[in-house]
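Here's my_file_9.txt, which has compact mmCIF, C-alpha atoms (C1' of nucleotides):
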# COMPACT_ATOMS: atom_id res chain seq x y z
CA MET A 257 29.64 -43.48 11.67
CA SER A 258 27.74 -44.68 8.60
CA PRO A 259 28.55 -43.18 5.19
CA GLU A 260 25.16 -41.55 5.07
CA LYS A 261 25.68 -39.91 8.43
CA SER A 262 29.09 -38.59 7.53
CA ILE A 263 27.83 -36.94 4.40
CA LEU A 264 24.97 -35.47 6.42
CA LYS A 265 27.47 -34.15 8.93
CA LYS A 266 29.63 -32.65 6.23
CA LYS A 267 26.73 -30.91 4.51
CA LEU A 268 25.28 -29.72 7.76
CA ILE A 269 28.50 -28.17 8.98
CA GLU A 270 29.18 -26.63 5.60
CA ASN A 271 25.85 -24.89 5.53
CA TYR A 272 24.54 -24.46 9.03
CA ALA A 273 27.53 -24.38 11.34
CA THR A 274 27.32 -20.61 11.70
CA ILE A 275 23.69 -20.44 12.65
CA PHE A 276 23.10 -23.49 14.83
CA GLU A 277 24.81 -24.20 18.13
CA LYS A 278 27.01 -27.24 18.54
CA GLU A 279 24.54 -29.36 20.49
CA LEU A 280 21.82 -28.78 17.93
CA ILE A 281 24.16 -29.76 15.12
CA ASN A 282 24.86 -32.98 16.96
CA GLU A 283 21.20 -33.73 17.45
CA ILE A 284 20.48 -33.11 13.80
CA ILE A 285 23.22 -35.52 12.84
CA GLU A 286 21.63 -38.04 15.17
CA VAL A 287 18.03 -37.90 13.94
CA GLY A 288 18.25 -36.30 10.52
CA SER A 289 18.68 -37.96 7.17
CA PHE A 290 20.38 -36.69 4.08
CA GLN A 291 18.68 -37.05 0.74
CA SER A 292 19.38 -36.10 -2.85
CA LEU A 293 16.39 -35.37 -5.04
CA LYS A 294 16.32 -35.15 -8.80
CA SER A 295 14.68 -32.30 -10.62
CA GLY A 296 11.06 -33.09 -11.33
CA GLU A 297 10.56 -35.29 -8.31
CA GLN A 298 7.62 -34.56 -6.12
CA LEU A 299 8.56 -34.03 -2.53
CA ILE A 300 5.09 -33.74 -1.14
CA ASP A 301 1.57 -33.51 -2.51
CA ILE A 302 -1.53 -31.73 -1.33
CA GLY A 303 -3.20 -33.93 1.24
CA ASP A 304 -0.08 -35.85 2.18
CA GLU A 305 0.79 -36.34 5.80
CA MET A 306 3.91 -34.49 6.80
CA THR A 307 6.53 -36.55 8.49
CA HIS A 308 9.71 -34.58 7.95
CA ILE A 309 10.84 -31.00 7.58
CA PRO A 310 13.44 -30.27 4.94
CA LEU A 311 16.48 -28.09 5.42
CA ILE A 312 17.56 -27.24 1.92
CA VAL A 313 21.27 -27.52 1.38
CA ASP A 314 21.27 -26.98 -2.35
CA GLY A 315 18.81 -26.78 -5.22
CA VAL A 316 15.30 -25.36 -5.52
CA ILE A 317 11.89 -26.57 -4.48
CA LYS A 318 8.78 -24.90 -5.79
CA ILE A 319 5.81 -24.72 -3.49
CA ILE A 320 2.53 -24.84 -5.36
CA ARG A 321 -1.12 -24.42 -4.57
CA GLU A 322 -3.71 -25.92 -6.86
CA ASP A 323 -7.31 -24.91 -7.46
CA GLU A 324 -10.32 -27.02 -8.43
CA ASN A 325 -9.49 -26.81 -12.11
CA GLY A 326 -6.00 -28.05 -11.58
CA GLU A 327 -4.62 -24.58 -12.17
CA GLU A 328 -1.39 -24.19 -10.31
CA ILE A 329 0.11 -21.12 -8.80
CA ALA A 330 3.60 -20.95 -7.45
CA LEU A 331 3.52 -19.55 -3.96
CA TYR A 332 7.21 -19.39 -3.32
CA PHE A 333 10.50 -21.14 -3.80
CA LEU A 334 12.68 -22.82 -1.25
CA GLU A 335 16.38 -22.43 -1.86
CA LYS A 336 19.65 -23.07 -0.17
CA GLY A 337 19.41 -22.24 3.50
CA ASP A 338 15.63 -22.29 3.54
CA THR A 339 13.20 -24.49 5.28
CA CYS A 340 9.47 -24.73 5.09
CA ALA A 341 8.14 -23.33 8.30
CA ILE A 342 4.62 -23.47 7.00
CA SER A 343 4.85 -27.19 6.68
CA PHE A 344 6.15 -27.16 10.20
CA VAL A 345 2.84 -25.84 11.50
CA ASN A 346 1.12 -28.58 9.56
CA CYS A 347 3.30 -31.03 11.42
CA ILE A 348 2.49 -29.81 14.87
CA ASN A 349 -1.20 -29.92 14.17
CA ARG A 350 -0.84 -33.27 12.48
CA THR A 351 -2.71 -31.88 9.53
CA LYS A 352 -2.18 -32.70 5.92
CA SER A 353 -0.12 -30.60 3.59
CA MET A 354 -1.91 -27.71 1.92
CA PHE A 355 0.77 -27.48 -0.70
CA ARG A 356 2.63 -29.44 -3.27
CA GLY A 357 6.38 -29.33 -3.31
CA VAL A 358 8.18 -30.09 -6.55
CA VAL A 359 11.90 -30.24 -7.02
CA THR A 360 12.77 -27.66 -9.66
CA ARG A 361 16.48 -28.15 -9.65
CA ASP A 362 18.42 -31.11 -8.31
CA THR A 363 18.19 -30.69 -4.59
CA GLU A 364 20.04 -31.85 -1.52
CA GLY A 365 18.27 -31.68 1.76
CA ILE A 366 18.49 -32.70 5.35
CA PHE A 367 15.26 -34.09 6.67
CA ILE A 368 14.24 -33.65 10.27
CA PRO A 369 11.47 -35.75 11.82
CA VAL A 370 8.61 -33.50 12.83
CA ASN A 371 8.51 -34.45 16.49
CA LYS A 372 11.97 -32.98 16.97
CA VAL A 373 11.05 -29.71 15.32
CA ASP A 374 8.70 -28.90 18.17
CA ILE A 375 11.02 -29.97 20.95
CA TRP A 376 13.93 -27.99 19.57
CA LEU A 377 11.85 -24.84 19.51
CA GLN A 378 12.02 -24.71 23.29
CA LYS A 379 15.46 -26.15 23.57
CA TYR A 380 17.50 -24.12 21.12
CA GLU A 381 17.51 -20.38 20.64
CA SER A 382 19.10 -20.69 17.21
CA TRP A 383 16.44 -23.10 16.06
CA ARG A 384 13.68 -20.82 17.24
CA ARG A 385 15.26 -17.91 15.40
CA PHE A 386 15.68 -20.01 12.30
CA ILE A 387 12.05 -21.09 12.23
CA ILE A 388 10.70 -17.64 12.99
CA ASP A 389 12.88 -16.00 10.36
CA SER A 390 11.88 -18.61 7.86
CA TYR A 391 8.24 -18.07 8.63
CA HIS A 392 8.60 -14.35 8.24
CA PHE A 393 10.43 -14.68 4.96
CA ARG A 394 7.88 -17.10 3.56
CA LEU A 395 5.09 -14.73 4.47
CA ILE A 396 6.77 -11.89 2.63
CA GLU A 397 7.20 -14.03 -0.44
CA MET A 398 3.59 -15.05 -0.35
CA VAL A 399 2.38 -11.48 -0.05
CA GLU A 400 4.43 -10.69 -3.12
CA SER A 401 2.71 -13.51 -4.95
CA ILE A 402 -0.66 -12.14 -3.98
CA ASP A 403 0.33 -8.73 -5.22
CA ARG A 404 1.41 -10.21 -8.50
CA LEU A 405 -1.90 -12.01 -8.93
CA ALA A 406 -3.86 -8.92 -8.05
CA PHE A 407 -1.78 -7.00 -10.53
CA LEU A 408 -2.66 -9.40 -13.33
CA ASN A 409 -6.33 -9.06 -12.59
CA VAL A 410 -6.09 -5.31 -12.80
CA GLU A 411 -4.37 -5.61 -16.15
CA LYS A 412 -7.25 -7.66 -17.50
CA ARG A 413 -9.77 -5.29 -15.98
CA LEU A 414 -7.98 -2.38 -17.56
CA TYR A 415 -7.96 -3.95 -20.99
CA LYS A 416 -11.66 -4.69 -20.73
CA TYR A 417 -12.24 -1.10 -19.70
CA LEU A 418 -10.45 0.15 -22.80
CA ILE A 419 -12.35 -2.18 -25.10
CA ASP A 420 -15.68 -1.23 -23.54
CA LYS A 421 -14.87 2.43 -23.79
CA SER A 422 -13.92 2.00 -27.42
CA LYS A 423 -17.22 0.29 -28.16
CA ILE A 424 -19.19 3.03 -26.50
CA MET A 425 -17.30 5.73 -28.34
CA LYS A 426 -17.43 3.73 -31.56
CA ASP A 427 -13.80 4.61 -31.98
CA LYS A 428 -10.56 2.69 -31.72
CA THR A 429 -8.83 5.82 -30.57
CA LEU A 430 -9.64 6.93 -27.09
CA ILE A 431 -8.99 10.50 -26.07
CA ILE A 432 -8.13 10.01 -22.45
CA THR A 433 -5.27 10.54 -20.03
CA HIS A 434 -3.76 7.93 -17.76
CA GLN A 435 -4.91 10.01 -14.83
CA GLU A 436 -8.55 9.72 -15.90
CA ILE A 437 -8.24 6.00 -16.45
CA ALA A 438 -6.75 5.69 -12.99
CA GLU A 439 -9.66 7.53 -11.43
CA ASP A 440 -12.18 5.35 -13.26
CA ASN A 441 -10.48 2.22 -12.06
CA HIS A 442 -9.73 3.27 -8.51
CA THR A 443 -6.03 3.01 -8.91
CA SER A 444 -3.12 5.38 -9.34
CA ARG A 445 -1.83 7.04 -12.45
CA VAL A 446 1.55 5.38 -12.09
CA VAL A 447 0.04 1.93 -12.04
CA VAL A 448 -2.07 2.69 -15.10
CA SER A 449 0.96 3.95 -16.98
CA ARG A 450 2.83 0.77 -16.20
CA LEU A 451 0.00 -1.54 -17.16
CA LEU A 452 -0.68 0.34 -20.37
CA LYS A 453 2.99 0.07 -21.19
CA ARG A 454 2.69 -3.68 -20.83
CA LEU A 455 -0.36 -3.80 -23.08
CA GLU A 456 1.55 -1.73 -25.60
CA ASN A 457 4.51 -4.09 -25.47
CA ASP A 458 2.08 -6.94 -26.12
CA GLY A 459 0.92 -5.09 -29.20
CA GLN A 460 -2.63 -4.71 -27.94
CA ILE A 461 -2.62 -0.93 -27.87
CA THR A 462 -0.59 2.07 -28.94
CA ILE A 463 0.01 4.90 -26.54
CA ARG A 464 0.13 8.54 -27.59
CA ARG A 465 -0.12 11.56 -25.42
CA ASN A 466 -3.77 11.95 -24.46
CA ARG A 467 -4.84 9.06 -26.62
CA ILE A 468 -4.82 5.32 -26.70
CA ILE A 469 -5.30 3.37 -29.88
CA ILE A 470 -6.74 -0.12 -29.67
CA GLU A 471 -5.02 -2.50 -32.05
CA ASN A 472 -6.55 -5.62 -33.49
C1' DA B 24 12.29 29.45 -25.35
C1' DC B 25 9.78 28.57 -21.46
C1' DA B 26 6.15 26.86 -18.62
C1' DT B 27 2.74 23.47 -18.03
C1' DT B 28 0.91 19.07 -18.07
C1' DA B 29 1.21 14.02 -19.38
C1' DA B 30 3.73 10.01 -19.16
C1' DG B 31 7.77 7.05 -17.76
C1' DT B 32 10.97 5.05 -14.08
C1' DG B 33 13.23 3.29 -10.02
C1' DA B 34 13.03 2.61 -5.40
C1' DT B 35 10.38 1.80 -1.26
C1' DT B 36 6.64 -0.02 1.55
C1' DA C 252 -0.49 -2.22 -5.89
C1' DA C 253 0.36 2.45 -4.02
C1' DT C 254 3.26 6.32 -3.22
C1' DC C 255 7.28 9.22 -3.70
C1' DA C 256 10.45 11.55 -6.06
C1' DC C 257 12.29 12.53 -10.12
C1' DT C 258 13.07 12.47 -15.25
C1' DT C 259 11.56 12.91 -19.93
C1' DA C 260 8.42 14.04 -23.63
C1' DA C 261 4.72 16.66 -25.73
C1' DT C 262 2.14 20.99 -26.13
C1' DG C 263 0.49 25.47 -25.61
C1' DT C 264 1.57 30.57 -25.49
Kindly return the structure encoded in the file as structure tokens.
Amino acid sequence: MSPEKSILKKKLIENYATIFEKELINEIIEVGSFQSLKSGEQLIDIGDEMTHIPLIVDGVIKIIREDENGEEIALYFLEKGDTCAISFVNCINRTKSMFRGVVTRDTEGIFIPVNKVDIWLQKYESWRRFIIDSYHFRLIEMVESIDRLAFLNVEKRLYKYLIDKSKIMKDKTLIITHQEIAEDNHTSRVVVSRLLKRLENDGQITIRRNRIIIEN
DNA sequence: ACATTAAGTGATT
DNA sequence: AATCACTTAATGT
């Protein structure tokens, strides 16, 4: 057995022996390849063709989406024990990657050629479970990201609302309750309280009972 | 001092 | 982000 294969075997057994059956482990050793990646390296870029699926043994990979302006948003992170099931769908459809993957911390991974990924789905229960779980987990993480983004937008909206209100009232001090602000902005009092707290921590406003003071 | 209402928090979905 | 279930703080009587 080549040195590369034996390290692959070692890493695989260390990390996946409990979740994959013996035959699958053997197949992975056969077709997989072990790779170390340095922090900062780019694993895959948007538009690249996917050829392999990574099983992360150690380290962190950040999955990023980019908009027209080159603004990046982190969708989720792949860590030890993770794989990228989303990229797996890309593989089956022979489509290009929608994401960019950047190594955030030195990473070790086992790379599986995409054609096997599909075959194993039917062949191994543990593999199917692994992929489905991974998919599920990724989805949850992404929903959380969406929530976070939506949250930020509401914070901006809220600040604008306060500024506008202040202009209309010609007063830096607004006599208003969180409840009323919530109603105006179609959200809940609790959310308003939390966002206002953040604005206050940023020094943009001061909160008093029944009043909000806009700072400069 | 006590009740009422506003605001803050942590956990959950 | 919304909701729940409390807790804590401010105010009125």
Check which residues of chain B sit at most 8 Å from chain A using all atoms listed in the file, and return one row each with the closest pair of atoms and their distance in Å to one decimal, ordered by chain and rising number, as JSON lines.
{"residue": "B:DA29", "atom": "C1'", "partner": "A:Arg465", "partner_atom": "CA", "distance": 6.7}
{"residue": "B:DA30", "atom": "C1'", "partner": "A:Ser449", "partner_atom": "CA", "distance": 7.0}
{"residue": "B:DG31", "atom": "C1'", "partner": "A:Ser449", "partner_atom": "CA", "distance": 7.5}
| request: Check the smallest atom-to-atom distance from each of A:Leu418, A:Ala406, A:Ile424, A:Leu452 to chain C using only C-alpha atoms (C1' of nucleotides), then report the winner. | output: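 Using only C-alpha atoms (C1' of nucleotides), chain C sits closest to A:Ala406.
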| message | Residues within 10 Å of stretch 347-363 of chain A, please, as number ranges by chain. Count all atoms listed in the file; anything in the same chain fewer than 2 positions from it doesn't count. | response | A: 291-309, 312-322, 328, 330-336, 341-345, 365, 369-371, 373-374
| Test item: residues at most 10 Å from B:DT35, only C-alpha atoms (C1' of nucleotides), excluding those fewer than 2 positions along its chain, as an MDAnalysis selection string | (chainID B and resid 33) or (chainID C and resid 254:255)
| request: List the neighbours of A:Ile470 out to 10 Å using only C-alpha atoms (C1' of nucleotides); skip same-chain residues closer than 6 positions along the sequence, and give me the result as a ChimeraX atom specification. | output: /A:415,418-419,422,427-430,455-456,459-463
Which chain A residues have any atom within 12 Å of an atom of chain C, and for each, what is the nearest pair of atoms with distance in Å to one decimal, counting all atoms listed in the file, rows sorted by chain and number, as CSV?
residue,atom,partner,partner_atom,distance
A:Val399,CA,C:DA252,C1',11.3
A:Glu400,CA,C:DA252,C1',10.2
A:Ser401,CA,C:DA252,C1',11.8
A:Ile402,CA,C:DA252,C1',10.1
A:Asp403,CA,C:DA252,C1',6.6
A:Arg404,CA,C:DA252,C1',8.6
A:Leu405,CA,C:DA252,C1',10.3
A:Ala406,CA,C:DA252,C1',7.8
A:Phe407,CA,C:DA252,C1',6.8
A:Leu408,CA,C:DA252,C1',10.6
A:Asn409,CA,C:DA252,C1',11.2
A:Val410,CA,C:DA252,C1',9.4
A:Glu411,CA,C:DA252,C1',11.5
A:Ala438,CA,C:DA253,C1',11.9
A:His442,CA,C:DA252,C1',11.1
A:Thr443,CA,C:DA253,C1',8.1
A:Ser444,CA,C:DA253,C1',7.0
A:Arg445,CA,C:DA253,C1',9.8
A:Val446,CA,C:DA253,C1',8.7
A:Val447,CA,C:DA252,C1',7.4
A:Val448,CA,C:DA252,C1',10.6
A:Arg450,CA,C:DA252,C1',11.2
A:Leu451,CA,C:DA252,C1',11.3
A:Arg464,CA,C:DA261,C1',9.5
A:Arg465,CA,C:DA261,C1',7.0
A:Asn466,CA,C:DA261,C1',9.8
| request: Pick out the residues sitting within 9 Å of A:Tyr272, and hand them over as a list in words; count all atoms listed in the file, and ignore anything fewer than 3 positions along from it in its own chain. | output: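 Close residues of A:Tyr272: Lys267, Leu268, Ile269, Ile275, Phe276, Ile281, Val313 and Gly337 of chain A.
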| request: Work out how far atom CA of A:Ile366 is from atom CA of A:Phe290, in Å to one decimal. | output: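 Value for the atom CA of A:Phe290-atom CA of A:Ile366 distance: 4.6 Å.
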| From the list A:Ser258, A:Leu264, A:Thr274, A:Leu377, which residue is nearest A:Gly288 when using all atoms listed in the file? | A:Leu264
| remark: note - atom CA of A:His392 and atom CA of A:Glu286 are separated by 27.9 Å
Given 5 Å of margin on each side, can you work out the centre and size in Å (one decimal) of an axis-aligned box holding every listed atom of chain B, as AutoDock Vina command-line options?
--center_x 7.1 --center_y 14.7 --center_z -11.9 --size_x 22.3 --size_y 39.5 --size_z 36.9
| task | Quick one: pull the distance between atom CA of A:Arg385 and atom CA of A:Leu280, Å, one decimal. | result |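 Between atom CA of A:Arg385 and atom CA of A:Leu280 the gap works out to 12.9 Å.
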